[in-house]
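Participant: Structure file target_1.csv (CSV, C-alpha atoms) is given on the next line.
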chain,number,residue,atom,x,y,z
S,1,MET,CA,21.9,164.0,219.2
S,2,THR,CA,22.1,160.5,217.7
S,3,LEU,CA,19.6,158.3,215.9
S,4,LEU,CA,17.5,156.1,218.1
S,5,ASP,CA,17.1,152.4,217.6
S,6,THR,CA,14.1,152.0,219.9
S,7,VAL,CA,10.5,151.4,219.0
S,8,ARG,CA,8.4,154.5,218.4
S,9,PRO,CA,5.9,155.3,221.1
S,10,SER,CA,2.2,154.9,220.5
S,11,ILE,CA,0.3,157.6,218.6
S,12,ARG,CA,-1.7,160.1,220.7
S,13,ASP,CA,-5.4,159.5,220.3
S,14,GLY,CA,-7.0,162.1,218.0
S,15,ASP,CA,-3.8,163.9,217.4
S,16,VAL,CA,-1.6,164.4,214.3
S,17,THR,CA,1.9,165.2,215.4
S,18,VAL,CA,3.5,167.7,213.1
S,19,LEU,CA,7.2,168.7,213.3
S,20,VAL,CA,7.5,172.2,212.0
S,21,ALA,CA,11.1,172.9,211.0
S,22,GLY,CA,12.0,176.6,211.2
S,23,VAL,CA,9.5,178.1,213.6
S,24,GLY,CA,11.6,181.2,213.7
S,25,THR,CA,10.9,181.9,210.1
S,26,LEU,CA,8.9,185.0,209.2
S,27,GLY,CA,5.3,184.0,208.9
S,28,ALA,CA,5.7,180.9,211.1
S,29,SER,CA,3.2,182.2,213.7
S,30,GLY,CA,0.4,182.4,211.1
S,31,ILE,CA,1.2,178.9,209.8
S,32,LEU,CA,1.2,177.4,213.3
S,33,LYS,CA,-2.1,179.0,214.1
S,34,ALA,CA,-3.6,177.7,210.8
S,35,LEU,CA,-2.7,174.2,211.8
S,36,ARG,CA,-4.8,174.6,214.9
S,37,GLN,CA,-7.8,176.1,213.1
S,38,THR,CA,-8.7,173.0,211.1
S,39,ASP,CA,-11.5,170.6,212.1
S,40,ALA,CA,-9.8,167.8,210.2
S,41,PHE,CA,-7.3,166.9,212.9
S,42,ASP,CA,-6.0,168.0,216.3
S,43,ALA,CA,-2.5,169.2,215.8
S,44,HIS,CA,0.2,168.4,218.3
S,45,ILE,CA,3.0,170.7,217.1
S,46,VAL,CA,6.7,170.0,217.7
S,47,GLY,CA,8.6,173.2,216.8
S,48,VAL,CA,12.3,173.1,215.7
S,49,ASP,CA,14.7,175.9,215.1
S,50,ALA,CA,18.4,176.8,215.4
S,51,ASN,CA,17.5,180.0,217.3
S,52,PRO,CA,16.7,179.2,221.0
S,53,ASN,CA,14.6,182.4,221.0
S,54,ALA,CA,12.6,181.6,217.9
S,55,ARG,CA,9.3,183.5,217.8
S,56,GLY,CA,7.3,180.4,217.0
S,57,PHE,CA,8.3,178.5,220.2
S,58,SER,CA,5.6,180.4,222.0
S,59,LEU,CA,3.0,178.6,219.8
S,60,VAL,CA,4.1,175.0,219.9
S,61,ASP,CA,3.5,172.1,222.2
S,62,THR,CA,7.1,170.9,222.3
S,63,ALA,CA,10.1,173.0,221.4
S,64,ALA,CA,13.6,171.8,220.4
S,65,THR,CA,16.7,173.7,219.3
S,66,VAL,CA,18.9,172.1,216.6
S,67,SER,CA,22.2,173.0,215.1
S,68,GLN,CA,22.7,173.9,211.4
S,69,GLU,CA,26.4,173.6,211.1
S,70,GLU,CA,26.3,170.4,209.0
S,71,PRO,CA,23.4,169.0,207.1
S,72,GLY,CA,24.0,165.4,208.2
S,73,ALA,CA,24.0,166.4,211.9
S,74,LEU,CA,20.8,168.5,211.4
S,75,VAL,CA,19.0,165.5,209.8
S,76,ALA,CA,20.2,163.2,212.6
S,77,GLU,CA,18.9,165.6,215.3
S,78,ILE,CA,15.5,166.0,213.5
S,79,HIS,CA,15.3,162.3,213.1
S,80,GLU,CA,15.8,161.7,216.8
S,81,ILE,CA,13.2,164.4,217.7
S,82,ALA,CA,10.7,162.9,215.2
S,83,TRP,CA,11.2,159.4,216.6
S,84,THR,CA,11.0,160.5,220.2
S,85,GLU,CA,7.9,162.7,219.7
S,86,ASN,CA,6.2,160.1,217.4
S,87,VAL,CA,6.0,162.6,214.6
S,88,ASP,CA,3.6,161.8,211.7
S,89,VAL,CA,4.6,164.7,209.3
S,90,ILE,CA,7.6,166.9,209.0
S,91,PHE,CA,6.7,170.4,207.7
S,92,PRO,CA,9.7,172.5,206.7
S,93,LEU,CA,9.3,176.3,206.7
S,94,GLY,CA,12.9,177.5,206.4
S,95,THR,CA,14.7,177.2,203.1
S,96,GLU,CA,17.8,175.8,204.9
S,97,TYR,CA,15.8,172.6,205.8
S,98,LEU,CA,14.6,171.8,202.3
S,99,ARG,CA,17.6,170.1,200.7
S,100,PRO,CA,18.7,168.0,203.8
S,101,LEU,CA,15.2,166.8,204.4
S,102,SER,CA,14.6,166.1,200.7
S,103,GLU,CA,17.8,164.0,200.4
S,104,SER,CA,16.9,162.0,203.6
S,105,LYS,CA,13.2,161.7,202.8
S,106,PRO,CA,13.3,158.0,201.9
S,107,THR,CA,14.8,157.1,205.3
S,108,PHE,CA,12.1,159.1,207.1
S,109,GLU,CA,9.2,157.7,205.0
S,110,SER,CA,10.5,154.1,205.4
S,111,GLU,CA,9.7,154.6,209.1
S,112,GLY,CA,6.2,156.1,208.4
S,113,ILE,CA,7.2,159.7,208.8
S,114,ARG,CA,6.0,161.8,205.9
S,115,VAL,CA,8.3,164.7,204.8
S,116,MET,CA,6.5,167.6,203.0
S,117,VAL,CA,9.2,168.6,200.5
S,118,ALA,CA,9.9,168.0,196.8
S,119,ASP,CA,12.5,165.7,195.6
S,120,PRO,CA,16.1,166.9,195.1
S,121,ARG,CA,15.9,167.4,191.3
S,122,ALA,CA,12.8,169.7,191.7
S,123,LEU,CA,14.5,171.7,194.4
S,124,ALA,CA,17.6,172.1,192.3
S,125,ILE,CA,15.6,173.5,189.4
S,126,ALA,CA,13.5,175.8,191.5
S,127,ARG,CA,16.5,177.2,193.4
S,128,ASP,CA,18.5,177.9,190.2
S,129,THR,CA,16.7,180.7,188.3
S,130,GLY,CA,18.9,180.2,185.2
S,131,ARG,CA,18.1,176.5,185.1
S,132,LEU,CA,14.4,177.2,185.7
S,133,TYR,CA,14.2,179.7,182.9
S,134,GLY,CA,16.2,177.3,180.7
S,135,GLU,CA,13.5,174.6,181.3
S,136,LEU,CA,10.8,177.1,180.4
S,137,VAL,CA,12.7,178.1,177.2
S,138,LYS,CA,12.8,174.4,176.1
S,139,GLN,CA,9.0,174.4,176.3
S,140,GLY,CA,8.5,177.7,174.7
S,141,HIS,CA,6.6,178.8,177.7
S,142,PRO,CA,5.1,182.4,177.5
S,143,ALA,CA,5.9,183.1,181.2
S,144,THR,CA,9.6,183.1,180.4
S,145,PRO,CA,11.1,186.7,180.8
S,146,GLU,CA,13.9,187.9,178.5
S,147,PHE,CA,17.1,186.8,180.2
S,148,TYR,CA,20.7,186.0,179.8
S,149,ARG,CA,23.0,183.9,182.1
S,150,VAL,CA,26.4,185.5,182.2
S,151,SER,CA,29.7,184.7,183.9
S,152,THR,CA,32.2,187.3,182.5
S,153,HIS,CA,32.4,191.1,182.4
S,154,ASP,CA,31.9,191.2,178.6
S,155,GLU,CA,28.9,188.9,178.7
S,156,PHE,CA,27.3,191.0,181.5
S,157,VAL,CA,27.8,194.3,179.5
S,158,ASP,CA,26.5,192.7,176.3
S,159,ALA,CA,23.4,191.3,178.0
S,160,VAL,CA,22.6,194.6,179.7
S,161,HIS,CA,22.7,196.4,176.4
S,162,ALA,CA,20.9,193.5,174.6
S,163,LEU,CA,18.0,194.0,177.0
S,164,GLY,CA,17.7,197.7,176.1
S,165,TYR,CA,19.8,199.6,178.6
S,166,PRO,CA,20.1,202.6,178.8
S,167,ASP,CA,16.7,203.1,177.2
S,168,ARG,CA,15.2,200.4,179.5
S,169,CYS,CA,15.9,199.4,183.1
S,170,VAL,CA,17.5,196.0,183.5
S,171,CYS,CA,17.7,193.6,186.5
S,172,PHE,CA,20.4,191.2,187.6
S,173,LYS,CA,20.8,188.7,190.5
S,174,PRO,CA,22.7,185.6,191.4
S,175,PRO,CA,21.0,182.5,189.8
S,176,ILE,CA,21.0,180.4,192.9
S,177,GLY,CA,18.4,181.3,195.5
S,178,THR,CA,15.0,182.9,195.4
S,179,ASP,CA,15.5,185.9,197.8
S,180,LEU,CA,14.5,189.0,196.0
S,181,SER,CA,16.7,191.1,198.3
S,182,CYS,CA,19.6,190.0,196.1
S,183,LEU,CA,17.9,191.7,193.1
S,184,HIS,CA,19.6,194.8,191.6
S,185,ILE,CA,18.0,197.2,189.1
S,186,LEU,CA,20.1,199.1,186.6
S,187,ASP,CA,18.2,202.4,186.2
S,188,PRO,CA,19.9,205.1,184.0
S,189,GLU,CA,17.5,207.7,185.4
S,190,ILE,CA,18.1,207.0,189.0
S,191,ASN,CA,18.4,209.9,191.4
S,192,ARG,CA,21.5,208.8,193.4
S,193,PHE,CA,20.8,211.2,196.3
S,194,ASN,CA,17.2,210.2,196.6
S,195,ALA,CA,18.2,206.5,196.5
S,196,LEU,CA,20.5,207.0,199.4
S,197,LEU,CA,17.8,208.5,201.6
S,198,ASN,CA,14.8,206.4,200.3
S,199,LYS,CA,15.6,202.7,200.2
S,200,GLN,CA,13.8,200.8,197.5
S,201,SER,CA,11.9,197.7,198.9
S,202,ASN,CA,13.6,194.4,198.0
S,203,SER,CA,16.0,195.9,195.5
S,204,ILE,CA,19.0,198.3,195.1
S,205,ARG,CA,18.8,200.7,192.2
S,206,THR,CA,22.0,201.8,190.6
S,207,THR,CA,23.5,202.3,187.1
S,208,LEU,CA,25.8,200.3,184.9
S,209,ASP,CA,28.6,202.7,185.6
S,210,GLY,CA,27.9,202.3,189.3
S,211,VAL,CA,28.4,198.5,189.3
S,212,LEU,CA,31.2,197.9,186.9
S,213,PRO,CA,34.0,199.3,189.2
S,214,ALA,CA,32.8,196.8,191.9
S,215,PHE,CA,32.9,193.9,189.5
S,216,ALA,CA,36.4,195.0,188.4
S,217,GLU,CA,37.6,194.5,191.9
S,218,THR,CA,36.6,190.8,191.9
S,219,THR,CA,39.2,188.1,191.0
S,220,GLU,CA,36.5,186.0,189.4
S,221,PHE,CA,33.3,187.4,187.8
S,222,PRO,CA,30.2,186.0,189.5
S,223,ASP,CA,27.6,183.9,187.8
S,224,LEU,CA,24.5,186.2,187.2
S,225,ILE,CA,21.1,186.2,185.6
S,226,VAL,CA,20.3,189.4,183.7
S,227,THR,CA,16.6,190.0,182.9
S,228,GLU,CA,14.2,192.5,181.7
S,229,ASP,CA,12.8,194.8,184.3
S,230,LEU,CA,9.1,194.1,184.8
S,231,ARG,CA,7.1,197.1,185.9
S,232,GLY,CA,3.6,195.6,186.0
S,233,GLU,CA,1.6,194.2,188.9
S,234,LYS,CA,3.1,191.6,191.2
S,235,TYR,CA,1.4,188.4,191.9
S,236,SER,CA,1.9,185.3,194.1
S,237,VAL,CA,0.4,181.9,193.4
S,238,ASP,CA,0.2,179.6,196.4
S,239,ALA,CA,0.2,175.9,195.3
S,240,LEU,CA,-0.4,172.6,197.0
S,241,VAL,CA,0.8,170.2,194.4
S,242,ARG,CA,-0.5,166.6,194.4
S,243,THR,CA,0.9,163.8,192.4
S,244,GLU,CA,-2.4,162.1,191.5
S,245,ASP,CA,-4.8,165.1,191.5
S,246,GLU,CA,-5.1,168.6,190.4
S,247,PRO,CA,-3.1,171.2,192.5
S,248,ILE,CA,-4.9,173.6,194.8
S,249,LEU,CA,-4.0,177.1,193.5
S,250,VAL,CA,-4.7,180.5,195.0
S,251,THR,CA,-3.7,183.6,193.3
S,252,ARG,CA,-2.9,186.9,195.1
S,253,LEU,CA,-2.2,190.4,193.9
S,254,HIS,CA,0.4,192.3,196.0
S,255,THR,CA,-0.5,196.0,196.3
S,256,GLU,CA,2.2,197.0,198.8
S,257,THR,CA,5.1,195.3,200.5
S,258,ASP,CA,7.7,196.3,203.1
S,259,GLU,CA,10.8,194.1,203.3
S,260,ASN,CA,8.6,191.0,203.2
S,261,ARG,CA,7.5,191.7,206.8
S,262,SER,CA,4.2,193.4,206.2
S,263,PHE,CA,2.1,193.7,203.1
S,264,THR,CA,-1.3,194.4,201.7
S,265,GLY,CA,-2.8,192.4,198.9
S,266,THR,CA,-6.0,190.9,197.5
S,267,VAL,CA,-6.8,187.2,196.8
S,268,GLU,CA,-7.9,187.4,193.2
S,269,GLU,CA,-9.1,184.7,190.9
S,270,ASP,CA,-6.8,184.6,187.8
S,271,PHE,CA,-7.2,181.6,185.6
S,272,GLU,CA,-4.2,182.5,183.4
S,273,LEU,CA,-1.8,182.6,186.4
S,274,MET,CA,-3.4,179.3,187.6
S,275,GLU,CA,-2.8,177.6,184.3
S,276,TYR,CA,0.8,178.9,184.1
S,277,SER,CA,1.5,177.7,187.6
S,278,ARG,CA,0.0,174.3,187.0
S,279,GLU,CA,2.3,173.9,183.9
S,280,ILE,CA,5.4,175.2,185.7
S,281,CYS,CA,4.9,172.9,188.7
S,282,ASP,CA,4.4,169.9,186.4
S,283,LEU,CA,7.5,170.8,184.4
S,284,ILE,CA,9.7,171.1,187.5
S,285,GLY,CA,8.2,168.1,189.3
S,286,VAL,CA,7.3,170.0,192.5
S,287,GLU,CA,5.2,168.2,195.1
S,288,TYR,CA,3.6,169.6,198.3
S,289,ASN,CA,4.0,173.4,198.7
S,290,ALA,CA,5.3,175.9,196.2
S,291,THR,CA,5.0,179.7,195.8
S,292,LEU,CA,5.3,181.1,192.4
S,293,ARG,CA,6.0,184.8,191.9
S,294,PHE,CA,4.9,186.7,188.7
S,295,LYS,CA,5.0,190.2,187.4
S,296,ARG,CA,3.2,191.4,184.3
S,297,GLY,CA,5.2,192.7,181.3
S,298,VAL,CA,4.4,195.9,179.3
S,299,ASP,CA,2.0,193.8,177.2
S,300,GLY,CA,0.2,192.4,180.3
S,301,THR,CA,1.7,188.9,179.9
S,302,PRO,CA,2.6,187.4,183.3
S,303,LYS,CA,6.3,186.6,183.5
S,304,LEU,CA,7.8,184.3,186.1
S,305,LEU,CA,10.1,185.9,188.7
S,306,GLY,CA,10.8,182.6,190.5
S,307,VAL,CA,9.6,179.5,192.3
S,308,HIS,CA,9.9,179.0,196.0
S,309,PRO,CA,9.6,175.2,196.7
S,310,ARG,CA,8.1,175.7,200.1
S,311,ILE,CA,5.0,177.3,201.7
S,312,SER,CA,4.8,181.1,201.5
S,313,LYS,CA,5.5,183.3,204.5
S,314,SER,CA,2.3,185.1,203.7
S,315,ILE,CA,0.1,182.0,203.3
S,316,THR,CA,-2.3,183.3,205.9
S,317,ALA,CA,-3.8,185.5,203.2
S,318,CYS,CA,-5.1,182.3,201.7
S,319,VAL,CA,-6.2,181.0,205.1
S,320,GLY,CA,-8.2,184.1,205.7
S,321,ALA,CA,-9.9,183.7,202.3
S,322,GLY,CA,-11.0,180.2,203.2
S,323,ALA,CA,-8.1,178.0,201.9
S,324,ASN,CA,-6.3,176.6,204.9
S,325,ILE,CA,-3.4,175.4,202.8
S,326,PRO,CA,-1.1,174.6,205.8
S,327,ALA,CA,-3.7,172.2,207.2
S,328,LEU,CA,-4.6,170.8,203.8
S,329,SER,CA,-1.0,170.1,203.1
S,330,VAL,CA,-0.7,168.0,206.2
S,331,GLN,CA,-3.9,166.1,205.3
S,332,TYR,CA,-2.4,165.4,201.8
S,333,ALA,CA,0.8,164.2,203.3
S,334,LEU,CA,-1.1,161.7,205.5
S,335,GLY,CA,-3.0,160.4,202.4
S,336,HIS,CA,-6.4,161.9,203.4
S,337,GLU,CA,-9.0,162.8,200.9
S,338,LEU,CA,-9.1,166.6,200.7
S,339,PRO,CA,-12.4,168.5,200.9
S,340,ASP,CA,-13.4,171.0,198.2
S,341,VAL,CA,-11.9,174.4,198.8
S,342,ASP,CA,-14.2,177.4,198.6
S,343,VAL,CA,-12.0,180.5,198.2
S,344,GLU,CA,-13.6,183.8,199.0
S,345,TRP,CA,-12.1,185.7,196.0
S,346,GLY,CA,-11.7,189.4,196.6
S,347,THR,CA,-10.6,189.0,200.2
S,348,HIS,CA,-8.2,191.8,201.1
S,349,VAL,CA,-5.4,191.2,203.6
S,350,THR,CA,-3.0,193.3,205.6
S,351,ARG,CA,-0.2,191.7,207.5
S,352,ASP,CA,2.0,193.4,210.0
S,353,TRP,CA,4.2,192.7,213.0
S,354,GLN,CA,3.6,190.4,215.9
S,355,ASP,CA,5.5,190.8,219.2
S,356,VAL,CA,6.9,187.9,221.2
S,357,PHE,CA,7.9,188.6,224.8
S,358,TYR,CA,10.5,186.7,226.8
S,359,GLY,CA,10.9,187.0,230.6
S,360,PRO,CA,13.6,185.5,232.9
S,361,ASP,CA,11.1,183.2,234.6
S,362,ARG,CA,8.5,182.5,232.0
S,363,GLU,CA,7.9,180.9,228.6
S,364,PRO,CA,7.7,183.1,225.4
S,365,SER,CA,4.3,184.7,225.0
S,366,THR,CA,2.4,186.9,222.6
S,367,ILE,CA,-0.4,189.5,222.9
Any chance you could put this one into structure tokens?
Facilitator:
Amino acid sequence: MTLLDTVRPSIRDGDVTVLVAGVGTLGASGILKALRQTDAFDAHIVGVDANPNARGFSLVDTAATVSQEEPGALVAEIHEIAWTENVDVIFPLGTEYLRPLSESKPTFESEGIRVMVADPRALAIARDTGRLYGELVKQGHPATPEFYRVSTHDEFVDAVHALGYPDRCVCFKPPIGTDLSCLHILDPEINRFNALLNKQSNSIRTTLDGVLPAFAETTEFPDLIVTEDLRGEKYSVDALVRTEDEPILVTRLHTETDENRSFTGTVEEDFELMEYSREICDLIGVEYNATLRFKRGVDGTPKLLGVHPRISKSITACVGAGANIPALSVQYALGHELPDVDVEWGTHVTRDWQDVFYGPDREPSTI
């Protein structure tokens, strides 16, 4: 696709046209449904994804497949779709859309198309855990976990021991990215046989002796973040960050997760987590949606695991508790005054699978 030089068509009466980028992302179906549940606007949804069988295509008004081989080409394709469909707001769900859309945001917004993504600097800090923690250290923020950024074999071993191994478990992961599936836990008391037969959710448990031979095989030692292992309760804070107003914040306790595809949890009011999240978002410079992950340390202090500079895959937990953050985010992007949000604290949520069916002679459908 190429950029169009024609005049944009007229706006549909009563509609807000939202281009949702990444409708094949886990959790997309709930977000798409949330956009239709609001009384604030009638959503005409344009769904975009690289996968022609993306699960969210069954829930949109207009579907379009894009390539992701090169960011410039991706932006050009989205631009043409946005222009043709008279899009008001671009709402990225997939991480792969964030940086290209952030860097091209001035072009879109000069044409009246709002792009719901933070600026490139904020994205860079949020995506790099080492840099994020470094910014927190500068502020002396209490949510900073014990950590080391290492890039050699000796630095790695020294950091692991400095954090208390083998008397304590220690974690490590690449600094770039927020996917907890890349997290590894060094556990000196691990039962190797049991670990083989019972996969630990979102982590791989091993020992220091178990990982050093693998590192010895590499020609260049990887850049890693080594942190304390936090064993307390896990929380998410869903944030809609506004530049000239207080953020909308909803805190959630995770009681059970399964590979990020299903979970149970409770929407709980936690003022300490809200304040920490407000400070961290302000420090990074995040705008629009962000998801902050915390775990409590042994003394009960919340420690930051990371910041996702996009809307959560499980944001429907907030929607079910009365905070339709997807719809509110679109309203904010359009410059509308937002209503007061009345969260029903204590709401318990269980999320599980949803099936999408494809037939040779029919559009995708759900039950």
Participant: In terms of the shortest atom-to-atom distance over all atoms listed in the file, which of S:Ala162, S:Ile31, S:Ile225, S:Leu212 is closest to Leu93 (chain S)?
Facilitator: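 Nearest candidate to Leu93 (chain S) out of S:Ala162, S:Ile31, S:Ile225, S:Leu212: S:Ile31.
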Participant: Using only C-alpha atoms, can you tell me which of S:Lys33, S:His141, S:His254, S:Arg293 comes closest to His308 (chain S)?
Facilitator: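 Among S:Lys33, S:His141, S:His254, S:Arg293, it is S:Arg293 that comes nearest to His308 (chain S).
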Participant: Kindly give the distance, in Å, that separates CA of Arg252 (chain S) and CA of Tyr235 (chain S), rounded to a single decimal.
Facilitator: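 Taking CA of Arg252 (chain S) and CA of Tyr235 (chain S), their separation equals 5.6 Å.
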Participant: Measuring between all atoms listed in the file, which one of S:Thr25, S:Asp187, S:Ile78, S:Ser277 shows the shortest distance to Ser314 (chain S)?
Facilitator: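 Nearest to Ser314 (chain S): S:Thr25.
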Participant: Can you list, as a PyMOL selection string, every protein, DNA or RNA residue that comes within 8 Å of region 320-335 of chain S when you count only C-alpha atoms, leaving out same-chain residues fewer than 3 positions away?
Facilitator: chain S and resi 31+34-35+38+40+88-89+91+114-116+240+242+267+288-289+311+315-317+338+341-345+347+349
Participant: Go ahead and save the picked residues with C-alpha atoms, as an mmCIF file, in the frame of the given file.
Facilitator:
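To be explicit, this is the file written out as result-v8.cif:
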data_model
loop_
_atom_site.group_PDB
_atom_site.id
_atom_site.type_symbol
_atom_site.label_atom_id
_atom_site.label_comp_id
_atom_site.auth_asym_id
_atom_site.auth_seq_id
_atom_site.Cartn_x
_atom_site.Cartn_y
_atom_site.Cartn_z
ATOM 1 C CA ILE S 31 1.200 178.900 209.800
ATOM 2 C CA ALA S 34 -3.600 177.700 210.800
ATOM 3 C CA LEU S 35 -2.700 174.200 211.800
ATOM 4 C CA THR S 38 -8.700 173.000 211.100
ATOM 5 C CA ALA S 40 -9.800 167.800 210.200
ATOM 6 C CA ASP S 88 3.600 161.800 211.700
ATOM 7 C CA VAL S 89 4.600 164.700 209.300
ATOM 8 C CA PHE S 91 6.700 170.400 207.700
ATOM 9 C CA ARG S 114 6.000 161.800 205.900
ATOM 10 C CA VAL S 115 8.300 164.700 204.800
ATOM 11 C CA MET S 116 6.500 167.600 203.000
ATOM 12 C CA LEU S 240 -0.400 172.600 197.000
ATOM 13 C CA ARG S 242 -0.500 166.600 194.400
ATOM 14 C CA VAL S 267 -6.800 187.200 196.800
ATOM 15 C CA TYR S 288 3.600 169.600 198.300
ATOM 16 C CA ASN S 289 4.000 173.400 198.700
ATOM 17 C CA ILE S 311 5.000 177.300 201.700
ATOM 18 C CA ILE S 315 0.100 182.000 203.300
ATOM 19 C CA THR S 316 -2.300 183.300 205.900
ATOM 20 C CA ALA S 317 -3.800 185.500 203.200
ATOM 21 C CA LEU S 338 -9.100 166.600 200.700
ATOM 22 C CA VAL S 341 -11.900 174.400 198.800
ATOM 23 C CA ASP S 342 -14.200 177.400 198.600
ATOM 24 C CA VAL S 343 -12.000 180.500 198.200
ATOM 25 C CA GLU S 344 -13.600 183.800 199.000
ATOM 26 C CA TRP S 345 -12.100 185.700 196.000
ATOM 27 C CA THR S 347 -10.600 189.000 200.200
ATOM 28 C CA VAL S 349 -5.400 191.200 203.600
#
Participant: Taking 6 positions as the minimum chain separation for residues in the same chain, which residues sit within 12 Å of Asn51 (chain S) when counting all atoms listed in the file? Answer as JSON, numbers by chain.
Facilitator: {"S": [21, 22, 23, 24, 25, 57, 63, 64, 65, 66, 67, 68]}
Participant: Quick one, how far is CA of Val16 (chain S) from CA of Arg351 (chain S)?
Facilitator: 28.2 Å
Participant: Taking into account all atoms listed in the file, which residue in the set S:Gly346, S:Gly72, S:Gly47, S:Gly112 is nearest to Val250 (chain S)?
Facilitator: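 Smallest separation from Val250 (chain S) among the options: S:Gly346.
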Participant: Would you mind telling me which residue in S:Lys313, S:Lys138, S:His153, S:His348 lies nearest to Gly265 (chain S) when using all atoms listed in the file?
Facilitator: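 Of S:Lys313, S:Lys138, S:His153, S:His348, the one nearest Gly265 (chain S), counting all atoms listed in the file, is S:His348.
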Participant: Find, counting only C-alpha atoms, the residue in S:Ala143, S:Cys169, S:Leu253, S:Ile185 that gets nearest to Glu279 (chain S).
Facilitator: S:Ala143
Participant: Skip His79 (chain S) itself and residues of its chain fewer than 2 positions away, then list as a list in words all residues within 10 Å of it, counting all atoms listed in the file.
Facilitator: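 Contacts, with the query itself left out: Met1, Thr2, Leu3, Leu4, Ala73, Leu74, Val75, Ala76, Glu77, Ile81, Ala82, Trp83, Thr84, Glu85, Val87, Ile90, Leu101, Ser104, Thr107, Phe108 and Ile113 of chain S.
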Participant: Figure out the distance between CA of Leu304 (chain S) and CA of Glu268 (chain S), please, to one decimal in Å.
Facilitator: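 Those two atoms sit 17.5 Å apart.
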Participant: Pull out region 140-145 of chain S, keep all heavy atoms, and write it as a tab-separated table (two decimals), in the first residue's frame.
Facilitator:
chain	number	residue	atom	x	y	z
S	140	GLY	N	15.45	7.59	44.12
S	140	GLY	CA	15.39	6.90	45.40
S	140	GLY	C	14.01	6.30	45.65
S	140	GLY	O	13.54	6.26	46.79
S	141	HIS	N	13.38	5.81	44.59
S	141	HIS	CA	12.00	5.34	44.73
S	141	HIS	C	11.93	4.00	45.46
S	141	HIS	O	12.69	3.07	45.13
S	141	HIS	CB	11.34	5.21	43.35
S	141	HIS	CG	9.85	5.23	43.42
S	141	HIS	ND1	9.11	4.15	43.84
S	141	HIS	CD2	8.97	6.23	43.16
S	141	HIS	CE1	7.82	4.47	43.82
S	141	HIS	NE2	7.71	5.71	43.41
S	142	PRO	N	11.06	3.87	46.44
S	142	PRO	CA	10.98	2.62	47.23
S	142	PRO	C	10.50	1.41	46.45
S	142	PRO	O	10.63	0.29	46.93
S	142	PRO	CB	10.00	2.98	48.35
S	142	PRO	CG	9.19	4.12	47.82
S	142	PRO	CD	10.12	4.89	46.95
S	143	ALA	N	9.93	1.61	45.26
S	143	ALA	CA	9.45	0.46	44.47
S	143	ALA	C	10.57	-0.20	43.69
S	143	ALA	O	10.32	-1.20	43.00
S	143	ALA	CB	8.35	0.90	43.52
S	144	THR	N	11.79	0.31	43.78
S	144	THR	CA	12.90	-0.28	43.03
S	144	THR	C	13.35	-1.58	43.69
S	144	THR	O	13.73	-1.57	44.86
S	144	THR	CB	14.10	0.68	42.98
S	144	THR	OG1	13.67	2.00	42.66
S	144	THR	CG2	15.13	0.20	41.97
S	145	PRO	N	13.35	-2.70	42.98
S	145	PRO	CA	13.87	-3.94	43.56
S	145	PRO	C	15.40	-3.92	43.59
S	145	PRO	O	16.03	-3.09	42.93
S	145	PRO	CB	13.36	-5.02	42.59
S	145	PRO	CG	13.25	-4.31	41.29
S	145	PRO	CD	12.85	-2.90	41.60
